[in-house]
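Trainee: Sending over work-v8.txt (compact mmCIF, C-alpha atoms and all ligand atoms).
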```txt
# COMPACT_ATOMS: atom_id res chain seq x y z
CA MET D 1 9.22 23.71 -70.93
CA ILE D 2 8.21 22.71 -74.44
CA ALA D 3 6.78 25.78 -76.13
CA GLY D 4 4.64 25.88 -79.25
CA ILE D 5 4.74 29.21 -81.09
CA ILE D 6 2.17 29.66 -83.83
CA GLY D 7 2.83 32.26 -86.53
CA SER D 8 6.42 32.73 -87.66
CA GLY D 9 6.08 36.36 -88.79
CA ALA D 10 7.84 39.38 -87.27
CA MET D 11 6.83 38.56 -83.70
CA GLY D 12 6.71 34.74 -83.69
CA VAL D 13 10.31 34.42 -84.92
CA GLY D 14 11.66 36.72 -82.21
CA ILE D 15 9.62 35.08 -79.45
CA ALA D 16 10.76 31.60 -80.55
CA GLN D 17 14.39 32.75 -80.43
CA VAL D 18 13.94 34.26 -76.94
CA ILE D 19 12.42 31.07 -75.52
CA ALA D 20 14.96 28.80 -77.27
CA THR D 21 17.83 30.97 -75.99
CA ALA D 22 16.60 30.34 -72.44
CA GLY D 23 17.25 26.63 -73.09
CA ASN D 24 13.74 25.45 -73.95
CA LYS D 25 12.53 23.30 -76.82
CA VAL D 26 10.37 25.33 -79.21
CA LEU D 27 8.04 24.20 -81.98
CA LEU D 28 7.51 27.03 -84.45
CA LEU D 29 4.49 26.58 -86.73
CA ASP D 30 3.18 28.63 -89.65
CA VAL D 31 0.55 27.90 -92.30
CA ASN D 32 2.82 29.45 -94.88
CA ARG D 33 5.78 27.21 -95.82
CA ASP D 34 7.83 30.08 -97.31
CA THR D 35 7.40 32.16 -94.15
CA LEU D 36 8.46 29.21 -92.05
CA GLU D 37 11.59 28.69 -94.14
CA ALA D 38 12.36 32.41 -93.94
CA ALA D 39 11.91 32.15 -90.15
CA GLY D 40 14.70 29.56 -90.01
CA ARG D 41 17.01 31.81 -92.01
CA ASN D 42 16.10 34.81 -89.83
CA ILE D 43 16.85 33.03 -86.56
CA ARG D 44 20.13 31.70 -87.96
CA ALA D 45 21.14 35.19 -89.17
CA SER D 46 20.19 36.77 -85.86
CA LEU D 47 22.27 34.19 -83.92
CA ASP D 48 25.21 34.62 -86.34
CA LYS D 49 25.16 38.36 -85.65
CA LEU D 50 25.37 37.73 -81.90
CA VAL D 51 28.30 35.35 -82.46
CA ALA D 52 30.06 37.96 -84.66
CA LYS D 53 29.59 40.54 -81.91
CA LYS D 54 30.96 38.00 -79.40
CA LEU D 55 27.71 38.15 -77.41
CA LEU D 56 27.19 34.40 -77.91
CA SER D 57 29.57 31.48 -78.45
CA GLN D 58 29.21 29.46 -81.66
CA GLN D 59 28.32 26.41 -79.54
CA LYS D 60 25.53 28.27 -77.73
CA ALA D 61 24.19 29.63 -81.05
CA ASP D 62 24.10 26.10 -82.47
CA ASP D 63 22.36 24.82 -79.34
CA VAL D 64 19.74 27.57 -79.53
CA PHE D 65 19.08 26.84 -83.19
CA ALA D 66 18.84 23.11 -82.47
CA ASN D 67 16.20 23.90 -79.84
CA VAL D 68 13.81 25.15 -82.54
CA THR D 69 11.79 22.73 -84.64
CA PHE D 70 10.00 24.19 -87.66
CA THR D 71 6.73 22.44 -88.29
CA GLN D 72 3.37 22.59 -90.03
CA ASP D 73 1.93 19.71 -88.06
CA TYR D 74 -0.28 20.44 -85.05
CA SER D 75 -0.01 16.86 -83.80
CA SER D 76 3.58 17.64 -82.76
CA PHE D 77 2.07 19.94 -80.07
CA SER D 78 0.97 16.94 -77.95
CA ASP D 79 3.84 17.43 -75.45
CA CYS D 80 3.68 21.24 -75.25
CA THR D 81 3.41 22.86 -71.83
CA PHE D 82 2.97 26.37 -73.27
CA VAL D 83 1.42 27.49 -76.57
CA LEU D 84 1.49 31.12 -77.73
CA GLU D 85 -0.07 32.41 -80.91
CA ALA D 86 1.38 35.31 -82.90
CA ILE D 87 -0.76 34.98 -86.04
CA VAL D 88 -2.68 37.63 -87.96
CA GLU D 89 -4.55 40.16 -85.76
CA ASP D 90 -8.04 38.81 -86.42
CA LEU D 91 -10.39 37.50 -83.73
CA GLN D 92 -12.05 34.76 -85.80
CA SER D 93 -8.67 33.41 -86.97
CA LYS D 94 -7.31 33.34 -83.42
CA GLN D 95 -10.45 31.69 -82.01
CA GLN D 96 -10.45 29.07 -84.77
CA LEU D 97 -6.77 28.39 -84.11
CA PHE D 98 -7.33 27.66 -80.41
CA ARG D 99 -10.33 25.42 -81.23
CA GLU D 100 -7.89 23.34 -83.30
CA ILE D 101 -5.03 23.44 -80.75
CA ASN D 102 -7.50 22.19 -78.12
CA LEU D 103 -7.54 18.91 -80.03
CA PHE D 104 -3.77 18.39 -79.84
CA ALA D 105 -2.25 20.13 -76.81
CA PRO D 106 -2.58 18.54 -73.35
CA ASP D 107 -5.31 19.91 -71.03
CA THR D 108 -2.65 21.24 -68.65
CA CYS D 109 -0.90 23.28 -71.36
CA ILE D 110 -0.97 27.07 -70.86
CA PHE D 111 -2.49 28.94 -73.83
CA ALA D 112 -1.41 32.49 -74.62
CA SER D 113 -1.99 35.21 -77.21
CA ASN D 114 0.41 37.95 -78.30
CA THR D 115 -2.49 40.12 -79.54
CA SER D 116 -1.95 43.88 -79.40
CA SER D 117 -5.54 44.99 -79.62
CA LEU D 118 -8.06 42.16 -79.18
CA SER D 119 -9.60 41.31 -75.83
CA ILE D 120 -7.99 38.30 -74.14
CA ALA D 121 -11.42 37.23 -72.82
CA SER D 122 -12.80 36.99 -76.37
CA ILE D 123 -9.95 34.75 -77.59
CA ALA D 124 -10.06 32.65 -74.39
CA SER D 125 -13.79 32.07 -74.89
CA ALA D 126 -12.96 29.76 -77.84
CA CYS D 127 -10.99 27.37 -75.59
CA LYS D 128 -12.34 24.23 -73.99
CA ASN D 129 -10.89 25.26 -70.61
CA PRO D 130 -10.33 29.02 -70.76
CA GLU D 131 -8.96 29.21 -67.20
CA ARG D 132 -5.54 28.25 -68.68
CA PHE D 133 -5.62 31.21 -71.09
CA ILE D 134 -3.62 34.44 -70.67
CA GLY D 135 -2.35 37.41 -72.72
CA ILE D 136 1.44 37.53 -73.12
CA HIS D 137 2.31 40.66 -75.08
CA PHE D 138 5.86 41.05 -76.38
CA PHE D 139 7.25 44.20 -78.01
CA ASN D 140 8.94 44.46 -81.38
CA PRO D 141 11.69 43.30 -81.85
CA ALA D 142 11.06 40.62 -79.25
CA THR D 143 14.73 39.65 -79.01
CA VAL D 144 15.68 43.21 -78.02
CA MET D 145 12.76 44.71 -76.11
CA GLN D 146 12.78 43.64 -72.47
CA LEU D 147 9.15 44.24 -71.59
CA VAL D 148 6.39 41.64 -71.65
CA GLU D 149 2.84 42.58 -70.60
CA VAL D 150 0.95 39.79 -68.81
CA ILE D 151 -2.82 40.10 -69.14
CA PRO D 152 -5.19 37.75 -67.33
CA ALA D 153 -8.68 37.41 -68.84
CA VAL D 154 -11.75 37.24 -66.60
CA GLN D 155 -11.60 33.47 -67.18
CA THR D 156 -7.90 33.05 -66.21
CA ARG D 157 -7.28 30.87 -63.15
CA PRO D 158 -5.79 32.42 -60.00
CA GLY D 159 -2.03 31.95 -59.82
CA LEU D 160 -1.38 31.85 -63.57
CA VAL D 161 -0.13 35.47 -63.63
CA GLU D 162 2.48 34.68 -60.96
CA GLU D 163 3.44 31.45 -62.77
CA MET D 164 3.95 33.40 -66.02
CA PHE D 165 5.97 36.07 -64.21
CA ASP D 166 8.47 33.38 -63.13
CA ILE D 167 8.56 31.85 -66.61
CA ILE D 168 9.08 35.23 -68.33
CA LYS D 169 11.87 36.18 -65.92
CA GLY D 170 13.47 32.84 -66.83
CA TRP D 171 13.41 33.99 -70.47
CA GLY D 172 15.43 37.05 -69.39
CA LYS D 173 12.49 39.44 -69.86
CA ILE D 174 10.72 41.89 -67.55
CA PRO D 175 7.04 41.10 -66.94
CA VAL D 176 4.39 43.64 -65.92
CA ALA D 177 0.75 42.89 -65.18
CA ALA D 178 -2.09 44.67 -66.98
CA LYS D 179 -5.88 44.51 -67.01
CA ASP D 180 -7.63 43.15 -70.10
CA THR D 181 -8.57 46.60 -71.44
CA PRO D 182 -7.85 48.14 -74.87
CA GLY D 183 -4.14 48.74 -75.52
CA PHE D 184 -3.21 47.14 -72.16
CA ILE D 185 -0.58 49.52 -70.69
CA VAL D 186 1.85 50.72 -73.35
CA ASN D 187 -0.45 50.99 -76.35
CA ARG D 188 -2.98 52.89 -74.24
CA VAL D 189 -0.71 55.27 -72.35
CA ALA D 190 1.40 56.10 -75.44
CA ARG D 191 -1.55 57.27 -77.58
CA PRO D 192 -1.04 61.04 -76.93
CA PHE D 193 2.62 60.76 -78.02
CA TYR D 194 1.24 60.33 -81.54
CA GLY D 195 -2.24 61.86 -81.31
CA GLU D 196 -1.30 65.13 -79.63
CA ALA D 197 1.74 65.58 -81.87
CA ILE D 198 -0.44 65.20 -84.98
CA ARG D 199 -3.01 67.61 -83.54
CA ILE D 200 -0.33 70.27 -82.95
CA MET D 201 0.90 69.79 -86.51
CA GLU D 202 -2.61 69.79 -88.01
CA GLU D 203 -3.37 73.10 -86.34
CA GLY D 204 -0.21 74.60 -87.81
CA ILE D 205 1.31 75.36 -84.39
CA ALA D 206 4.53 73.56 -85.36
CA ASP D 207 5.61 71.34 -88.26
CA CYS D 208 6.61 67.65 -88.01
CA GLU D 209 10.34 68.32 -87.99
CA THR D 210 10.07 70.99 -85.26
CA ILE D 211 7.89 68.74 -83.09
CA ASP D 212 10.34 65.85 -83.59
CA TRP D 213 13.27 68.14 -82.78
CA ALA D 214 11.52 69.42 -79.61
CA MET D 215 10.57 65.94 -78.37
CA THR D 216 14.09 64.57 -78.84
CA THR D 217 16.26 67.56 -77.94
CA ILE D 218 14.14 69.11 -75.18
CA GLY D 219 11.97 66.13 -74.18
CA GLY D 220 14.79 63.55 -74.29
CA PHE D 221 12.81 60.95 -76.27
CA LYS D 222 14.91 58.68 -78.49
CA MET D 223 12.74 59.41 -81.55
CA GLY D 224 10.24 62.13 -82.31
CA PRO D 225 6.58 61.13 -82.82
CA PHE D 226 6.58 61.58 -86.61
CA ALA D 227 9.85 59.77 -87.18
CA LEU D 228 8.58 57.00 -84.89
CA MET D 229 5.21 56.67 -86.65
CA ASP D 230 7.04 56.47 -90.00
CA PHE D 231 9.28 53.80 -88.49
CA ILE D 232 6.43 51.70 -87.02
CA GLY D 233 4.43 52.12 -90.24
CA HIS D 234 1.09 53.91 -90.60
CA ASP D 235 -0.61 50.64 -91.49
CA VAL D 236 0.26 49.33 -88.01
CA ASN D 237 0.10 52.59 -86.00
CA TYR D 238 -3.16 53.82 -87.57
CA ARG D 239 -4.84 50.45 -87.05
CA VAL D 240 -3.84 50.36 -83.37
CA THR D 241 -5.13 53.94 -82.90
CA GLU D 242 -8.44 53.12 -84.57
CA SER D 243 -8.80 49.88 -82.66
CA VAL D 244 -8.13 51.57 -79.28
CA PHE D 245 -10.65 54.33 -80.18
CA ASN D 246 -13.35 51.82 -81.20
CA SER D 247 -12.70 49.60 -78.19
CA PHE D 248 -13.03 52.56 -75.81
CA PHE D 249 -16.55 53.16 -77.13
CA TYR D 250 -15.34 56.22 -79.06
CA ASP D 251 -13.81 58.16 -76.18
CA PRO D 252 -12.63 61.42 -77.86
CA ARG D 253 -9.30 61.15 -76.04
CA TYR D 254 -8.29 58.39 -78.46
CA LYS D 255 -9.77 59.84 -81.66
CA PRO D 256 -7.63 59.00 -84.72
CA SER D 257 -6.60 61.80 -87.07
CA PHE D 258 -7.62 62.28 -90.69
CA THR D 259 -4.01 63.12 -91.49
CA GLN D 260 -2.79 59.66 -90.50
CA LYS D 261 -5.84 57.96 -92.02
CA ARG D 262 -5.08 59.56 -95.39
CA LEU D 263 -1.42 58.45 -95.23
CA PHE D 264 -2.64 54.93 -94.48
CA GLU D 265 -5.21 55.02 -97.32
CA ALA D 266 -2.60 56.34 -99.77
CA GLY D 267 -0.20 53.53 -98.88
CA PHE D 268 2.28 56.10 -97.50
CA TYR D 269 3.21 53.76 -94.65
CA GLY D 270 6.51 55.48 -93.78
CA ARG D 271 10.00 54.05 -94.07
CA LYS D 272 8.87 50.72 -95.51
CA SER D 273 7.02 52.35 -98.45
CA GLY D 274 9.50 55.22 -98.97
CA ARG D 275 7.10 57.93 -97.86
CA GLY D 276 5.16 58.85 -94.74
CA PHE D 277 5.34 62.15 -92.91
CA TYR D 278 8.87 62.34 -94.34
CA ASP D 279 10.25 61.39 -97.74
CA TYR D 280 12.67 58.41 -97.64
CA THR D 281 13.36 58.13 -101.35
CA ASP D 282 16.99 58.35 -102.47
CA GLY D 283 18.30 61.88 -102.61
CA ALA D 284 15.28 63.41 -100.82
CA THR D 285 16.21 66.43 -98.70
CA GLN D 286 14.92 66.39 -95.15
CA PRO D 287 13.12 69.50 -93.86
CA LYS D 288 14.87 71.51 -91.14
CA PRO D 289 13.25 72.22 -87.76
CA SER D 290 12.79 75.82 -86.66
CA LYS D 291 14.64 75.16 -83.36
CA ASP D 292 12.57 77.85 -81.64
CA GLU D 293 13.14 77.02 -77.95
CA GLN D 294 9.96 78.69 -76.71
CA LEU D 295 7.79 76.87 -79.23
CA GLY D 296 9.68 73.64 -78.51
CA ASN D 297 8.99 73.94 -74.79
CA ARG D 298 5.27 74.48 -75.42
CA VAL D 299 5.17 71.40 -77.67
CA VAL D 300 6.92 69.20 -75.10
CA GLU D 301 4.75 70.50 -72.25
CA ARG D 302 1.55 69.78 -74.15
CA ILE D 303 2.46 66.26 -75.27
CA VAL D 304 4.09 65.19 -71.98
CA ALA D 305 1.18 66.62 -69.92
CA MET D 306 -1.24 64.56 -72.03
CA LEU D 307 0.95 61.45 -71.56
CA ILE D 308 1.06 61.97 -67.78
CA ASN D 309 -2.71 62.44 -67.74
CA GLU D 310 -3.17 59.16 -69.61
CA ALA D 311 -0.77 57.39 -67.23
CA ALA D 312 -2.60 58.79 -64.19
CA ASP D 313 -5.91 57.62 -65.62
CA ALA D 314 -4.52 54.10 -66.13
CA ILE D 315 -3.56 54.09 -62.43
CA ALA D 316 -6.96 55.53 -61.45
CA MET D 317 -8.67 52.69 -63.37
CA ASN D 318 -6.38 50.02 -61.82
CA ILE D 319 -5.05 48.96 -65.22
CA THR D 320 -1.68 48.36 -63.59
CA SER D 321 0.42 49.31 -60.57
CA GLU D 322 2.54 52.47 -60.36
CA PRO D 323 5.90 50.61 -60.56
CA ASP D 324 4.68 48.44 -63.46
CA LEU D 325 3.51 51.52 -65.34
CA GLU D 326 6.94 53.13 -64.98
CA THR D 327 8.65 49.92 -66.12
CA ALA D 328 6.25 49.54 -69.06
CA MET D 329 6.92 52.99 -70.52
CA THR D 330 10.68 52.95 -69.99
CA LYS D 331 11.25 49.34 -71.14
CA GLY D 332 8.42 48.90 -73.68
CA VAL D 333 8.81 52.20 -75.58
CA ASN D 334 12.11 53.48 -74.14
CA TYR D 335 10.73 56.73 -72.65
CA PRO D 336 13.53 58.77 -71.07
CA LYS D 337 11.85 58.51 -67.67
CA GLY D 338 8.70 57.12 -66.13
CA LEU D 339 5.63 59.32 -66.62
CA LEU D 340 4.75 59.26 -62.92
CA ALA D 341 8.30 60.32 -62.03
CA TRP D 342 7.89 63.09 -64.62
CA ALA D 343 4.62 64.19 -62.94
CA ASP D 344 6.39 64.36 -59.57
CA GLU D 345 9.27 66.32 -61.10
CA TRP D 346 6.98 68.91 -62.74
CA GLY D 347 4.49 68.98 -59.91
CA ILE D 348 0.94 67.78 -60.48
CA GLU D 349 -0.34 71.37 -60.42
CA LYS D 350 1.61 72.17 -63.59
CA VAL D 351 0.22 69.11 -65.41
CA ILE D 352 -3.32 70.12 -64.46
CA SER D 353 -2.75 73.71 -65.51
CA VAL D 354 -1.45 72.71 -68.98
CA ILE D 355 -4.44 70.44 -69.65
CA ASP D 356 -6.99 72.84 -68.14
CA GLY D 357 -5.49 75.52 -70.40
CA LEU D 358 -6.15 73.28 -73.42
CA TYR D 359 -9.70 72.63 -72.24
CA GLU D 360 -10.31 76.38 -71.85
CA GLU D 361 -9.09 76.85 -75.42
CA TYR D 362 -10.92 73.98 -77.12
CA HIS D 363 -13.74 72.85 -74.82
CA GLU D 364 -13.21 69.29 -76.01
CA ASP D 365 -13.62 66.26 -73.76
CA ARG D 366 -10.25 65.08 -75.07
CA TYR D 367 -8.68 67.60 -72.65
CA ARG D 368 -10.23 66.38 -69.41
CA VAL D 369 -7.92 66.09 -66.43
CA SER D 370 -7.83 62.70 -64.72
CA ALA D 371 -9.77 62.74 -61.45
CA LEU D 372 -6.75 61.13 -59.81
CA LEU D 373 -4.52 64.11 -60.63
CA ARG D 374 -7.07 66.56 -59.18
CA ARG D 375 -7.43 64.45 -56.02
CA MET D 376 -3.66 64.14 -55.59
CA ASN D 377 -3.22 67.87 -56.10
CA ARG D 378 -5.89 68.66 -53.47
CA GLU D 379 -4.21 66.29 -51.04
CA ASN D 380 -0.73 67.56 -51.95
CA ARG D 381 0.43 64.04 -52.85
CA THR D 382 3.11 62.82 -55.24
CA PHE D 383 3.26 59.47 -57.05
CA LEU D 384 6.61 57.99 -56.13
CA SER D 385 8.32 60.09 -53.49
N1 LIG V 401 4.42 43.62 -85.25
C1 LIG V 401 4.39 44.20 -84.06
O1 LIG V 401 5.01 45.25 -83.81
C2 LIG V 401 3.64 43.55 -82.93
C3 LIG V 401 3.98 43.84 -81.60
C4 LIG V 401 3.30 43.19 -80.56
C5 LIG V 401 2.29 42.29 -80.86
N2 LIG V 401 1.96 42.04 -82.18
C6 LIG V 401 0.90 41.05 -82.43
O2 LIG V 401 1.52 39.81 -82.76
C7 LIG V 401 0.72 39.10 -83.71
C8 LIG V 401 1.55 38.79 -84.94
O3 LIG V 401 2.03 39.99 -85.48
P1 LIG V 401 3.20 40.01 -86.58
O4 LIG V 401 3.55 41.44 -86.79
O5 LIG V 401 4.24 39.02 -86.22
O6 LIG V 401 2.39 39.47 -87.86
P2 LIG V 401 2.98 38.88 -89.23
O7 LIG V 401 1.96 39.21 -90.26
O8 LIG V 401 4.39 39.31 -89.43
O9 LIG V 401 3.00 37.29 -88.97
C9 LIG V 401 1.84 36.53 -88.82
C10 LIG V 401 2.16 35.11 -89.29
O10 LIG V 401 1.07 34.26 -88.92
C11 LIG V 401 0.89 33.32 -89.97
N3 LIG V 401 -0.49 32.83 -89.85
C12 LIG V 401 -1.64 33.48 -90.15
N4 LIG V 401 -2.70 32.71 -89.84
C13 LIG V 401 -2.21 31.55 -89.32
C14 LIG V 401 -2.81 30.37 -88.79
N5 LIG V 401 -4.12 30.23 -88.75
N6 LIG V 401 -1.99 29.40 -88.33
C15 LIG V 401 -0.65 29.52 -88.38
N7 LIG V 401 -0.04 30.62 -88.88
C16 LIG V 401 -0.80 31.62 -89.32
C17 LIG V 401 1.18 34.08 -91.24
O11 LIG V 401 1.54 33.20 -92.29
C18 LIG V 401 2.35 34.98 -90.79
O12 LIG V 401 3.59 34.36 -91.04
C19 LIG V 401 -0.50 39.96 -83.95
O13 LIG V 401 -1.54 39.54 -83.09
C20 LIG V 401 -0.02 41.36 -83.59
O14 LIG V 401 -1.08 42.19 -83.18
C21 LIG V 401 2.62 42.63 -83.20
```
So, in terms of structure tokens, how does the structure I just supplied come out?
Mentor:
Amino acid sequence: MIAGIIGSGAMGVGIAQVIATAGNKVLLLDVNRDTLEAAGRNIRASLDKLVAKKLLSQQKADDVFANVTFTQDYSSFSDCTFVLEAIVEDLQSKQQLFREINLFAPDTCIFASNTSSLSIASIASACKNPERFIGIHFFNPATVMQLVEVIPAVQTRPGLVEEMFDIIKGWGKIPVAAKDTPGFIVNRVARPFYGEAIRIMEEGIADCETIDWAMTTIGGFKMGPFALMDFIGHDVNYRVTESVFNSFFYDPRYKPSFTQKRLFEAGFYGRKSGRGFYDYTDGATQPKPSKDEQLGNRVVERIVAMLINEAADAIAMNITSEPDLETAMTKGVNYPKGLLAWADEWGIEKVISVIDGLYEEYHEDRYRVSALLRRMNRENRTFLS
């Protein structure tokens, strides 16, 4: 394979390294010369680290680096068999890019987008032959995260998903298939992890540090929702939330919060700006959680029930298969277990009762139980066992 990767920012660099490590030639292009030069230094540093940790021989690291050509010239894409864009998240820019690539890449070349929130069909519509277009969504950092979502557009030709599955496995990654709907799998199903946590905090039921403590200590998640949002950055996390909400025609289940919007507007992006939900400036003291077990259990029950409900709804709407959903949430966002396995463990009746309890309290459409969970409960079914 000769792969063309366009955009050498956070994602493009990692993706280029992954594909080059699998022994393929990669052309990495960026409009910004400084970014492109930084990309070279980043790949080199990342490979050096692997050599230092004895995870890669010096020879292999040199070979991988030699596989990557840094370019600003589209005409070098004339031999590419695969082109993936990881440029700015803007539909017009992505469409314009593929109109240009059409002029240089061969007609047989597969075209792909790493978009997190735009529809694959809308980007594909800018291509001369959109049947070769597909969504290939990596997770950050691409060199570390194993999951890759594969999203066919309505235009995508039959067989291309299977072809991409083989290619992605060859890169050492784990592919899952998703429908071209907002947030695909992970960014859709994970919304309540953030949204419900903020809601609990906004209502004064528990503070950020207690919710984070409960979700990590009782729930078993690697990071609590507030620490994770601060880590991802509110510029990124708020935009994804807003985009999923807008794309779902304003379904109240995905409604963004004013709390996060204000952090975003204030430039309190989290770790990268020194302040988010927590204060990261030197010498700042971190607040202590209350460690109230009963409260912690209620917090975990509410957030996990909402996550399971979202997962069940994704299955009900055929967004993905049950095994792919479990893989997506454990490999894409490192959940301690699959949400469907969690539903089976708790019993579907418990999930329904937690969410029905919330509906009784609030009478908001946000707390509507997925029809699939009700049906499964009536029929006494479980997801996996
Ligand atoms: N950052 C994440 O966590 C993440 C995760 C998954 C997917 N994504 C998606 O990946 C894409 C890239 O995200 P990122 O975080 O790497 O962005 P980034 O801002 O770090 O990098 C984008 C790069 O694209 C370059 N660029 C912009 N327009 C260009 C053009 N017309 N031609 C060539 N280069 C151009 C910019 O100079 C920049 O270097 C986006 O679509 C984003 O939604 C991001």
Trainee: For ligand LIG 401 (chain V), collect every residue having any atom at a distance of at most 8 Å from a ligand atom (counting only C-alpha atoms and all ligand atoms); output as a PyMOL selection string.
Mentor: chain D and resi 6-13+29-32+35-36+85-90+93-94+96-97+113-117+137-141+232+236
Trainee: One number please: CA of Ser57 in chain D to CA of Ala22 in chain D, in Å, one decimal.
Mentor: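 Separation of CA of Ser57 in chain D and CA of Ala22 in chain D: 14.3 Å.
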Trainee: I'd like to know which of D:Asp207, D:Thr143, D:Phe111, D:Gly220 is closest to Glu131 in chain D, using all atoms listed in the file.
Mentor: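 Answer, going by the shortest atom-to-atom distance: D:Phe111.
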Trainee: Considering all atoms listed in the file, can you say which of D:Ser75, D:Ala142, D:Asp63, D:Ile123 comes closest to Gln92 in chain D?
Mentor: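 Selected residue with least distance to Gln92 in chain D: D:Ile123.
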Trainee: Name the residues in contact with Val154 in chain D at a cut-off of 12 Å, using only C-alpha atoms, excluding same-chain residues fewer than 4 positions from it; report them as a ChimeraX atom specification.
Mentor: /D:119-125,130-135,158,179-181
Trainee: Please dump the current selection as a CSV table (one decimal), in the frame of the given file; keep C-alpha atoms.
Mentor:
```csv
chain,number,residue,atom,x,y,z
D,119,SER,CA,-9.6,41.3,-75.8
D,120,ILE,CA,-8.0,38.3,-74.1
D,121,ALA,CA,-11.4,37.2,-72.8
D,122,SER,CA,-12.8,37.0,-76.4
D,123,ILE,CA,-10.0,34.8,-77.6
D,124,ALA,CA,-10.1,32.6,-74.4
D,125,SER,CA,-13.8,32.1,-74.9
D,130,PRO,CA,-10.3,29.0,-70.8
D,131,GLU,CA,-9.0,29.2,-67.2
D,132,ARG,CA,-5.5,28.2,-68.7
D,133,PHE,CA,-5.6,31.2,-71.1
D,134,ILE,CA,-3.6,34.4,-70.7
D,135,GLY,CA,-2.4,37.4,-72.7
D,158,PRO,CA,-5.8,32.4,-60.0
D,179,LYS,CA,-5.9,44.5,-67.0
D,180,ASP,CA,-7.6,43.2,-70.1
D,181,THR,CA,-8.6,46.6,-71.4
```
Trainee: List as a list in words the protein and nucleic acid residues near Asn334 in chain D, meaning an atom at most 8 Å away when only C-alpha atoms are counted, but skip any in the same chain fewer than 5 places from it.
Mentor: Phe221, Lys222 and Met329 of chain D
Trainee: Is it possible to get the residues within 10 Å of (-0.4, 62.1, -61.6) (coordinates as in the file, counting only C-alpha atoms) written as a compact mmCIF listing (two decimals) with C-alpha atoms, in the frame of the given file?
Mentor:
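Output contents, as saved in result-v7.txt:
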```txt
# COMPACT_ATOMS: atom_id res chain seq x y z
CA ALA D 305 1.18 66.62 -69.92
CA ILE D 308 1.06 61.97 -67.78
CA ASN D 309 -2.71 62.44 -67.74
CA GLU D 310 -3.17 59.16 -69.61
CA ALA D 311 -0.77 57.39 -67.23
CA ALA D 312 -2.60 58.79 -64.19
CA ASP D 313 -5.91 57.62 -65.62
CA ILE D 315 -3.56 54.09 -62.43
CA ALA D 316 -6.96 55.53 -61.45
CA LEU D 339 5.63 59.32 -66.62
CA LEU D 340 4.75 59.26 -62.92
CA ALA D 341 8.30 60.32 -62.03
CA TRP D 342 7.89 63.09 -64.62
CA ALA D 343 4.62 64.19 -62.94
CA ASP D 344 6.39 64.36 -59.57
CA GLY D 347 4.49 68.98 -59.91
CA ILE D 348 0.94 67.78 -60.48
CA GLU D 349 -0.34 71.37 -60.42
CA VAL D 351 0.22 69.11 -65.41
CA ILE D 352 -3.32 70.12 -64.46
CA VAL D 369 -7.92 66.09 -66.43
CA SER D 370 -7.83 62.70 -64.72
CA ALA D 371 -9.77 62.74 -61.45
CA LEU D 372 -6.75 61.13 -59.81
CA LEU D 373 -4.52 64.11 -60.63
CA ARG D 374 -7.07 66.56 -59.18
CA ARG D 375 -7.43 64.45 -56.02
CA MET D 376 -3.66 64.14 -55.59
CA ASN D 377 -3.22 67.87 -56.10
CA ARG D 381 0.43 64.04 -52.85
CA THR D 382 3.11 62.82 -55.24
CA PHE D 383 3.26 59.47 -57.05
CA LEU D 384 6.61 57.99 -56.13
```
Trainee: Would you mind listing what lies within 10 Å of Ile19 in chain D as number ranges by chain, with all atoms listed in the file counted and same-chain residues fewer than 6 positions away left out?
Mentor: D: 1-3, 5, 25-26, 64, 67-68, 143, 167-168, 170-172
Trainee: Work out how far apart CA of Trp213 in chain D and CA of Met201 in chain D are and give it in Å to one decimal.
Mentor: 13.0 Å
Trainee: Can you work out which one of D:Asp107, D:Lys53, D:Asp48, D:Phe65 has the shortest atom-to-atom distance to Ala20 in chain D, counting only C-alpha atoms?
Mentor: D:Phe65
Trainee: Measure the distance from CA of Thr217 in chain D to CA of Arg199 in chain D in Å and round it to one decimal.
Mentor: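 Computing the Euclidean distance for CA of Thr217 in chain D and CA of Arg199 in chain D yields 20.1 Å.
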Trainee: Which residue, D:Gly219, D:Gly23, D:Pro152, D:Gly40, has the smallest gap to Glu301 in chain D when you use only C-alpha atoms?
Mentor: D:Gly219
Trainee: Can you list, as a VMD selection string, every protein, DNA or RNA residue that comes within 9 Å of range 264-279 of chain D when you count all atoms listed in the file, leaving out same-chain residues fewer than 6 positions away?
Mentor: chain D and resid 208 to 209 226 to 227 229 to 236 238 to 239 285 to 287
Trainee: So which one's closest to Gly357 in chain D, D:Gln260, D:Met306, D:Met215, D:Phe248? Using all atoms listed in the file, please.
Mentor: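 Closest residue, counting all atoms listed in the file: D:Met306.
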Trainee: Show me, as a PyMOL selection string, the residues that have an atom within 7 Å of Ala197 in chain D when counting all atoms listed in the file, minus same-chain residues fewer than 3 positions from it.
Mentor: chain D and resi 193-194+200-201+225+303
Trainee: Just the selected residues (C-alpha atoms), exported as a PDB file, in the frame of the given file, please.
Mentor:
```
ATOM      1  CA  PHE D 193       2.620  60.760 -78.020  1.00  0.00           C
ATOM      2  CA  TYR D 194       1.240  60.330 -81.540  1.00  0.00           C
ATOM      3  CA  ILE D 200      -0.330  70.270 -82.950  1.00  0.00           C
ATOM      4  CA  MET D 201       0.900  69.790 -86.510  1.00  0.00           C
ATOM      5  CA  PRO D 225       6.580  61.130 -82.820  1.00  0.00           C
ATOM      6  CA  ILE D 303       2.460  66.260 -75.270  1.00  0.00           C
TER       7      ILE D 303
END
```
